[in-house]
Amino acid sequence: MTTFPDLPTFVTHLECAMTGERLPADTPHNLSPAGYPILVRYDLAGVKKALTKRKLAGRSPDWWRYRELLPVRKAENIVSLGEVMTPLIPMPRFARSLGATGEVIVKDEGRLPTGSFKARGLALAVCMAREFGIRKMAMPTNGNAGAALAAYASRAGIETVVFCPDDTPVVNVNEIAECGARVYKVNGLINDCGKLVGAGVKQAGWFDTSTLKEPYRIEGKKTMGLELAEQLGWKLPDAIFYPTGGGTGLIGMWKAFAELEAIGFIGRKRPKMIAVQAAGCAPIVRAFENNSRHAELWQDAHTVAAGIRVPVAIGDFLILDAVRESRGFAIAVEDSAITATLDEIARQDGVLLCPEGAATAAAYKQALADGRVKKTDRVVLFNCATGLKYPMADGGRPLDRNAPVDYTAL
C-alpha cells in the first residue's frame with residue numbers, strides 16, 4: 001500500500017473566478033455565491049521557501065510530488081490508484097510528413113489509472129470529499145470522467161451516481177458500473193445529464209461533482225502543467241493543443257504556469273494555449289472568433305470525439321481568457337480529419353490515440369497549413385485517453401489454416 005508523508009500545506013482561501021470574492025477553504029463548495037467556478041489560492045511565497053527543484057527531484061514520480069501546490073491537508077485523505085507521470089512521446093514521422101522541423105510531442109494521458117486524464121481531476125475531487133466527510137457524489141459524463149469518479153470514490157468508500165448520454169461507448173458505461181457506481185443512460189447530451197444531477201442535489205443531497213462546479217478538479221488537472229514543465233526541464237513549449245470540452249485541464253495548466261512563475265521555477269514565457277474542438281460542437285471556437293467573453297449553447301452537438309461534445313461550458317470565460325492571454329486560438333476540426341489523423345499517427349508512429357487526442361493532431365496539421373503555428377515550433381499534443389477504450393474497425397484478414405499459404409504475397 002502506498003503511503004504519503006505529511007507535508008506542509010499552503011492553501012489560504014478560495015476565490016470566485018469571476019468576482020474575486022474570497023471564500024473559506026476548509027468547507028465544501030460548489031459554485032460561488034455569484035454562480036461561477038471557484039479557484040483555490042495558495043501562499044505562494046511560503047511555497048517558494050518550502051519547495052526547491054532539488055527537493056522535488058528526490059520525490060517519487062507521481063503527481064503527489066507537487067503536494068505543496070495541491071489542496072489536500074492530510075496525507076491520510078489521499079486516495080491513490082498508482083498514479084504515474086505520463087510520458088512525452090515524440091512523433092518524428094508525423095512531424096516529417098508535415099515538413100515540421102520543430103519537435104512534435106504527444107503527452108499520453110492514457111497511461112493513468114482508468115485510462116484517461118480524468119483520473120487527475122477526479123482523484124483530487126475525491127480526496128477533498130473524503131476530507132469533508134462527503135458520502136455520496138454525483139456527476140454527468142461522456143464516459144471517462146464517470147469511470148474515474150467511480151473508481152476513486154469506490155476506493156475511498158464513497159457512493160456515486162453517474163448519468164451519461166445513451167450513446168456513450170459501451171466500454172465506458174460498463175467500466176463505470178463495474179467500478180461500483182449506479183450509472184444511468186439518458187436520452188440526451190451531457191448538459192441534459194447535468195440537469196438530472198442538479199435535481200438530485202436538491203432532492204437527495206448528492207454532492208455535485210460536475211466539471212467546474214466544485215473547486216478541486218481544476219487542481220488535479222493542474223498537475224498536467226506542473227508535470228509538463230518539469231519534464232521539459234522547466235522550459236515550456238511554444239504551443240499546447242488541448243482537446244476542449246469543459247476545459248478544466250486548459251484552465252488548470254494556465255493556473256499551474258502562473259503558480260510556477262510565482263515560486264521561481266519558470267520565467268514569463270508561456271505557450272500558446274490552443275483550444276481544440278470538433279466542428280460539430282464548437283461553442284468555444286465560435287465565441288473566440290466573435291470576440292465574445294462567453295460561449296452560447298451549441299445546438300445539435302455531434303462528433304465522433306464524444307469527450308469534447310460539450311454544448312455549453314460553465315468555465316467558458318476562463319478558457320477564453322487563457323487562450324487570449326497566451327496569444328493562442330480556438331480551432332475546430334472535422335470528424336473526417338479526426339479519424340484520418342488517428343489512423344495516420346497509429347500507422348506512422350505506433351501511437352493509438354483516442355479520438356479527442358487525434359483532434360489535437362488534426363488541429364496541429366490545420367494550424368500549420370494556415371500559418372497559425374510555425375514549422376519550427378515545439379508543440380505538445382494532449383492525448384487524453386487510451387485509444388483502446390474506443391471502438392475500432394475489424395482489421396483482421398481471413399486465412400484458412402488448412403489451405404496452402406503463399407508467404408511471398410503476405
# chains A, B, ... in the order shown; residues from 1 in each chain; ligands from 1

call {"tool": "residues_around", "arguments": {"residues": "Glu219 in chain A", "least_positions_apart": "5", "cutoff": "10 Å", "atoms": "only C-alpha atoms", "output": "VMD selection string"}}
result
chain A and resid 39 to 40 69 to 71 120 to 125 224 248 to 249 251 to 253 255 to 256

call {"tool": "write_last_selection", "arguments": {"atoms": "N, CA and C atoms", "output": "PDB file, in the first residue's frame"}}
result
ATOM      1  N   LEU A  39     -11.828  29.051  -7.586  1.00  0.00           N
ATOM      2  CA  LEU A  39     -10.417  28.709  -7.709  1.00  0.00           C
ATOM      3  C   LEU A  39      -9.771  28.614  -6.327  1.00  0.00           C
ATOM      4  N   VAL A  40      -8.795  27.718  -6.194  1.00  0.00           N
ATOM      5  CA  VAL A  40      -8.045  27.550  -4.946  1.00  0.00           C
ATOM      6  C   VAL A  40      -6.827  28.471  -4.987  1.00  0.00           C
ATOM      7  N   LEU A  69       1.533  22.420  -3.801  1.00  0.00           N
ATOM      8  CA  LEU A  69       0.630  23.153  -4.696  1.00  0.00           C
ATOM      9  C   LEU A  69      -0.678  22.407  -4.913  1.00  0.00           C
ATOM     10  N   LEU A  70      -1.013  21.528  -3.965  1.00  0.00           N
ATOM     11  CA  LEU A  70      -2.276  20.798  -4.009  1.00  0.00           C
ATOM     12  C   LEU A  70      -3.049  21.057  -2.712  1.00  0.00           C
ATOM     13  N   PRO A  71      -4.370  20.866  -2.737  1.00  0.00           N
ATOM     14  CA  PRO A  71      -5.199  21.311  -1.612  1.00  0.00           C
ATOM     15  C   PRO A  71      -5.376  20.323  -0.462  1.00  0.00           C
ATOM     16  N   ARG A 120      -6.897  12.543 -13.028  1.00  0.00           N
ATOM     17  CA  ARG A 120      -6.242  13.624 -12.286  1.00  0.00           C
ATOM     18  C   ARG A 120      -7.265  14.463 -11.511  1.00  0.00           C
ATOM     19  N   GLY A 121      -8.250  14.966 -12.212  1.00  0.00           N
ATOM     20  CA  GLY A 121      -9.225  15.840 -11.563  1.00  0.00           C
ATOM     21  C   GLY A 121     -10.082  15.116 -10.553  1.00  0.00           C
ATOM     22  N   LEU A 122     -10.530  13.919 -10.910  1.00  0.00           N
ATOM     23  CA  LEU A 122     -11.437  13.205 -10.007  1.00  0.00           C
ATOM     24  C   LEU A 122     -10.720  12.679  -8.785  1.00  0.00           C
ATOM     25  N   ALA A 123      -9.455  12.329  -8.901  1.00  0.00           N
ATOM     26  CA  ALA A 123      -8.701  11.908  -7.717  1.00  0.00           C
ATOM     27  C   ALA A 123      -8.685  13.024  -6.679  1.00  0.00           C
ATOM     28  N   LEU A 124      -8.412  14.250  -7.131  1.00  0.00           N
ATOM     29  CA  LEU A 124      -8.368  15.373  -6.182  1.00  0.00           C
ATOM     30  C   LEU A 124      -9.750  15.699  -5.632  1.00  0.00           C
ATOM     31  N   ALA A 125     -10.765  15.619  -6.478  1.00  0.00           N
ATOM     32  CA  ALA A 125     -12.128  15.875  -6.005  1.00  0.00           C
ATOM     33  C   ALA A 125     -12.525  14.868  -4.934  1.00  0.00           C
ATOM     34  N   MET A 224      -1.086  18.443 -14.802  1.00  0.00           N
ATOM     35  CA  MET A 224      -0.576  18.265 -16.162  1.00  0.00           C
ATOM     36  C   MET A 224       0.425  19.358 -16.504  1.00  0.00           C
ATOM     37  N   THR A 248     -11.425  22.032 -18.241  1.00  0.00           N
ATOM     38  CA  THR A 248     -10.786  22.064 -16.923  1.00  0.00           C
ATOM     39  C   THR A 248      -9.270  21.989 -17.015  1.00  0.00           C
ATOM     40  N   GLY A 249      -8.763  21.131 -17.894  1.00  0.00           N
ATOM     41  CA  GLY A 249      -7.319  20.952 -17.998  1.00  0.00           C
ATOM     42  C   GLY A 249      -6.618  22.170 -18.561  1.00  0.00           C
ATOM     43  N   ILE A 251      -7.638  25.284 -18.338  1.00  0.00           N
ATOM     44  CA  ILE A 251      -7.682  26.270 -17.258  1.00  0.00           C
ATOM     45  C   ILE A 251      -6.667  25.918 -16.176  1.00  0.00           C
ATOM     46  N   GLY A 252      -6.615  24.639 -15.821  1.00  0.00           N
ATOM     47  CA  GLY A 252      -5.705  24.197 -14.768  1.00  0.00           C
ATOM     48  C   GLY A 252      -4.251  24.403 -15.142  1.00  0.00           C
ATOM     49  N   MET A 253      -3.878  24.087 -16.380  1.00  0.00           N
ATOM     50  CA  MET A 253      -2.490  24.283 -16.797  1.00  0.00           C
ATOM     51  C   MET A 253      -2.117  25.761 -16.796  1.00  0.00           C
ATOM     52  N   LYS A 255      -3.285  28.030 -14.871  1.00  0.00           N
ATOM     53  CA  LYS A 255      -3.111  28.351 -13.451  1.00  0.00           C
ATOM     54  C   LYS A 255      -1.770  27.811 -12.949  1.00  0.00           C
ATOM     55  N   ALA A 256      -1.416  26.606 -13.361  1.00  0.00           N
ATOM     56  CA  ALA A 256      -0.154  25.993 -12.934  1.00  0.00           C
ATOM     57  C   ALA A 256       1.039  26.836 -13.367  1.00  0.00           C
TER      58      ALA A 256
END

call {"tool": "select_by_dssp", "arguments": {"residues": "range 168-221 of chain A", "states": "strand (DSSP E or B)", "output": "ChimeraX atom specification"}}
result
/A:182-186,207-208

call {"tool": "write_last_selection", "arguments": {"atoms": "all heavy atoms", "output": "CSV table (one decimal), in the first residue's frame"}}
result
chain,number,residue,atom,x,y,z
A,182,ARG,N,-23.7,3.7,-9.6
A,182,ARG,CA,-25.0,3.5,-10.2
A,182,ARG,C,-25.0,4.4,-11.4
A,182,ARG,O,-25.0,5.6,-11.3
A,182,ARG,CB,-26.2,3.9,-9.2
A,182,ARG,CG,-26.2,3.0,-8.0
A,182,ARG,CD,-27.6,2.9,-7.4
A,182,ARG,NE,-28.3,4.1,-7.4
A,182,ARG,CZ,-28.4,5.0,-6.4
A,182,ARG,NH1,-27.6,4.8,-5.4
A,182,ARG,NH2,-29.1,6.1,-6.5
A,183,VAL,N,-25.1,3.8,-12.6
A,183,VAL,CA,-24.9,4.5,-13.8
A,183,VAL,C,-26.2,4.5,-14.6
A,183,VAL,O,-26.8,3.4,-14.8
A,183,VAL,CB,-23.7,4.1,-14.7
A,183,VAL,CG1,-23.8,2.6,-15.0
A,183,VAL,CG2,-23.6,4.9,-15.9
A,184,TYR,N,-26.7,5.6,-15.2
A,184,TYR,CA,-27.9,5.7,-15.9
A,184,TYR,C,-27.6,6.3,-17.3
A,184,TYR,O,-26.9,7.3,-17.4
A,184,TYR,CB,-28.9,6.5,-15.2
A,184,TYR,CG,-29.3,6.0,-13.8
A,184,TYR,CD1,-28.6,6.3,-12.7
A,184,TYR,CD2,-30.3,5.0,-13.7
A,184,TYR,CE1,-29.0,5.8,-11.4
A,184,TYR,CE2,-30.7,4.5,-12.5
A,184,TYR,CZ,-30.0,4.9,-11.4
A,184,TYR,OH,-30.3,4.3,-10.1
A,185,LYS,N,-28.2,5.7,-18.3
A,185,LYS,CA,-28.1,6.2,-19.7
A,185,LYS,C,-29.3,7.1,-20.0
A,185,LYS,O,-30.4,6.7,-19.9
A,185,LYS,CB,-28.0,5.1,-20.7
A,185,LYS,CG,-26.7,4.2,-20.5
A,185,LYS,CD,-26.5,3.2,-21.6
A,185,LYS,CE,-27.5,2.1,-21.6
A,185,LYS,NZ,-27.2,1.1,-22.6
A,186,VAL,N,-29.0,8.3,-20.5
A,186,VAL,CA,-30.0,9.4,-20.6
A,186,VAL,C,-30.2,9.7,-22.1
A,186,VAL,O,-29.2,9.8,-22.8
A,186,VAL,CB,-29.6,10.6,-19.9
A,186,VAL,CG1,-30.6,11.7,-20.1
A,186,VAL,CG2,-29.4,10.3,-18.4
A,207,PHE,N,-23.6,15.3,-3.6
A,207,PHE,CA,-22.6,16.4,-3.9
A,207,PHE,C,-22.3,16.4,-5.4
A,207,PHE,O,-21.9,15.4,-6.0
A,207,PHE,CB,-21.3,16.2,-3.1
A,207,PHE,CG,-20.3,17.3,-3.3
A,207,PHE,CD1,-20.5,18.5,-2.6
A,207,PHE,CD2,-19.3,17.2,-4.2
A,207,PHE,CE1,-19.6,19.6,-2.7
A,207,PHE,CE2,-18.4,18.3,-4.3
A,207,PHE,CZ,-18.6,19.4,-3.6
A,208,ASP,N,-22.5,17.6,-6.0
A,208,ASP,CA,-22.4,17.8,-7.4
A,208,ASP,C,-20.9,17.9,-7.8
A,208,ASP,O,-20.2,18.8,-7.4
A,208,ASP,CB,-23.1,19.1,-7.8
A,208,ASP,CG,-23.2,19.2,-9.3
A,208,ASP,OD1,-22.5,18.5,-10.1
A,208,ASP,OD2,-24.0,20.0,-9.8

call {"tool": "residues_around", "arguments": {"residues": "Leu410 in chain A", "least_positions_apart": "6", "cutoff": "12 Å", "atoms": "only C-alpha atoms", "output": "VMD selection string"}}
result
chain A and resid 397 to 399

call {"tool": "write_last_selection", "arguments": {"atoms": "all heavy atoms", "output": "mmCIF file, in the first residue's frame"}}
result
data_model
loop_
_atom_site.group_PDB
_atom_site.id
_atom_site.type_symbol
_atom_site.label_atom_id
_atom_site.label_comp_id
_atom_site.auth_asym_id
_atom_site.auth_seq_id
_atom_site.Cartn_x
_atom_site.Cartn_y
_atom_site.Cartn_z
ATOM 1 N N ARG A 397 -7.555 -10.181 -41.382
ATOM 2 C CA ARG A 397 -7.767 -10.718 -42.721
ATOM 3 C C ARG A 397 -7.928 -12.229 -42.620
ATOM 4 O O ARG A 397 -7.186 -12.888 -41.884
ATOM 5 C CB ARG A 397 -6.587 -10.368 -43.628
ATOM 6 C CG ARG A 397 -6.344 -8.866 -43.741
ATOM 7 C CD ARG A 397 -5.138 -8.556 -44.604
ATOM 8 N NE ARG A 397 -4.858 -7.129 -44.609
ATOM 9 C CZ ARG A 397 -3.882 -6.563 -45.303
ATOM 10 N NH1 ARG A 397 -3.081 -7.318 -46.046
ATOM 11 N NH2 ARG A 397 -3.695 -5.260 -45.252
ATOM 12 N N PRO A 398 -8.895 -12.798 -43.344
ATOM 13 C CA PRO A 398 -9.140 -14.250 -43.213
ATOM 14 C C PRO A 398 -7.975 -15.071 -43.762
ATOM 15 O O PRO A 398 -7.357 -14.710 -44.768
ATOM 16 C CB PRO A 398 -10.416 -14.449 -44.040
ATOM 17 C CG PRO A 398 -10.427 -13.314 -45.009
ATOM 18 C CD PRO A 398 -9.811 -12.157 -44.295
ATOM 19 N N LEU A 399 -7.688 -16.156 -43.079
ATOM 20 C CA LEU A 399 -6.653 -17.079 -43.539
ATOM 21 C C LEU A 399 -7.065 -18.495 -43.146
ATOM 22 O O LEU A 399 -7.323 -18.767 -41.965
ATOM 23 C CB LEU A 399 -5.295 -16.728 -42.909
ATOM 24 C CG LEU A 399 -4.098 -17.551 -43.399
ATOM 25 C CD1 LEU A 399 -3.808 -17.254 -44.868
ATOM 26 C CD2 LEU A 399 -2.858 -17.252 -42.559
#

call {"tool": "atom_distance", "arguments": {"atom1": "CA of Tyr66 in chain A", "atom2": "CA of Pro113 in chain A"}}
result
18.1 Å

call {"tool": "closest_residue", "arguments": {"among": "A:Ile105, A:Ala403, A:Ala119, A:Met91", "to": "Lys221 in chain A", "atoms": "only C-alpha atoms"}}
result
A:Ala119

call {"tool": "closest_residue", "arguments": {"among": "A:Ala282, A:Ala177, A:Val47, A:Ala199", "to": "Trp298 in chain A", "atoms": "only C-alpha atoms"}}
result
A:Ala282

call {"tool": "atom_distance", "arguments": {"atom1": "CA of Lys365 in chain A", "atom2": "CA of Lys235 in chain A"}}
result
23.6 Å

call {"tool": "residues_around", "arguments": {"residues": "range 380-384 of chain A", "least_positions_apart": "5", "cutoff": "8 Å", "atoms": "only C-alpha atoms", "output": "NGL selection string"}}
result
:A and (104-110 or 116-118 or 237 or 239-243 or 353-354 or 356-358 or 360-361)

call {"tool": "write_last_selection", "arguments": {"atoms": "C-alpha atoms", "output": "mmCIF file, in the first residue's frame"}}
result
data_model
loop_
_atom_site.group_PDB
_atom_site.id
_atom_site.type_symbol
_atom_site.label_atom_id
_atom_site.label_comp_id
_atom_site.auth_asym_id
_atom_site.auth_seq_id
_atom_site.Cartn_x
_atom_site.Cartn_y
_atom_site.Cartn_z
ATOM 1 C CA VAL A 104 6.016 17.395 -32.045
ATOM 2 C CA ILE A 105 5.285 15.609 -28.770
ATOM 3 C CA VAL A 106 2.272 13.677 -27.513
ATOM 4 C CA LYS A 107 1.678 13.694 -23.770
ATOM 5 C CA ASP A 108 -0.052 10.373 -23.338
ATOM 6 C CA GLU A 109 -2.585 10.619 -20.535
ATOM 7 C CA GLY A 110 -3.942 7.189 -21.398
ATOM 8 C CA SER A 116 -7.647 8.819 -19.098
ATOM 9 C CA PHE A 117 -6.652 12.232 -17.810
ATOM 10 C CA LYS A 118 -9.961 12.436 -15.969
ATOM 11 C CA PRO A 237 6.814 24.539 -25.312
ATOM 12 C CA ALA A 239 2.244 25.717 -28.181
ATOM 13 C CA ILE A 240 -0.106 23.302 -26.413
ATOM 14 C CA PHE A 241 -3.008 21.775 -28.342
ATOM 15 C CA TYR A 242 -5.664 20.705 -25.861
ATOM 16 C CA PRO A 243 -8.967 18.847 -26.572
ATOM 17 C CA LEU A 353 -4.685 7.997 -29.856
ATOM 18 C CA CYS A 354 -8.232 8.420 -28.652
ATOM 19 C CA GLU A 356 -10.102 13.582 -28.770
ATOM 20 C CA GLY A 357 -6.322 13.222 -28.854
ATOM 21 C CA ALA A 358 -6.433 12.749 -32.621
ATOM 22 C CA THR A 360 -5.374 17.846 -31.422
ATOM 23 C CA ALA A 361 -3.119 16.323 -34.077
#

call {"tool": "atom_distance", "arguments": {"atom1": "CA of Gln203 in chain A", "atom2": "CA of Ala313 in chain A"}}
result
24.1 Å
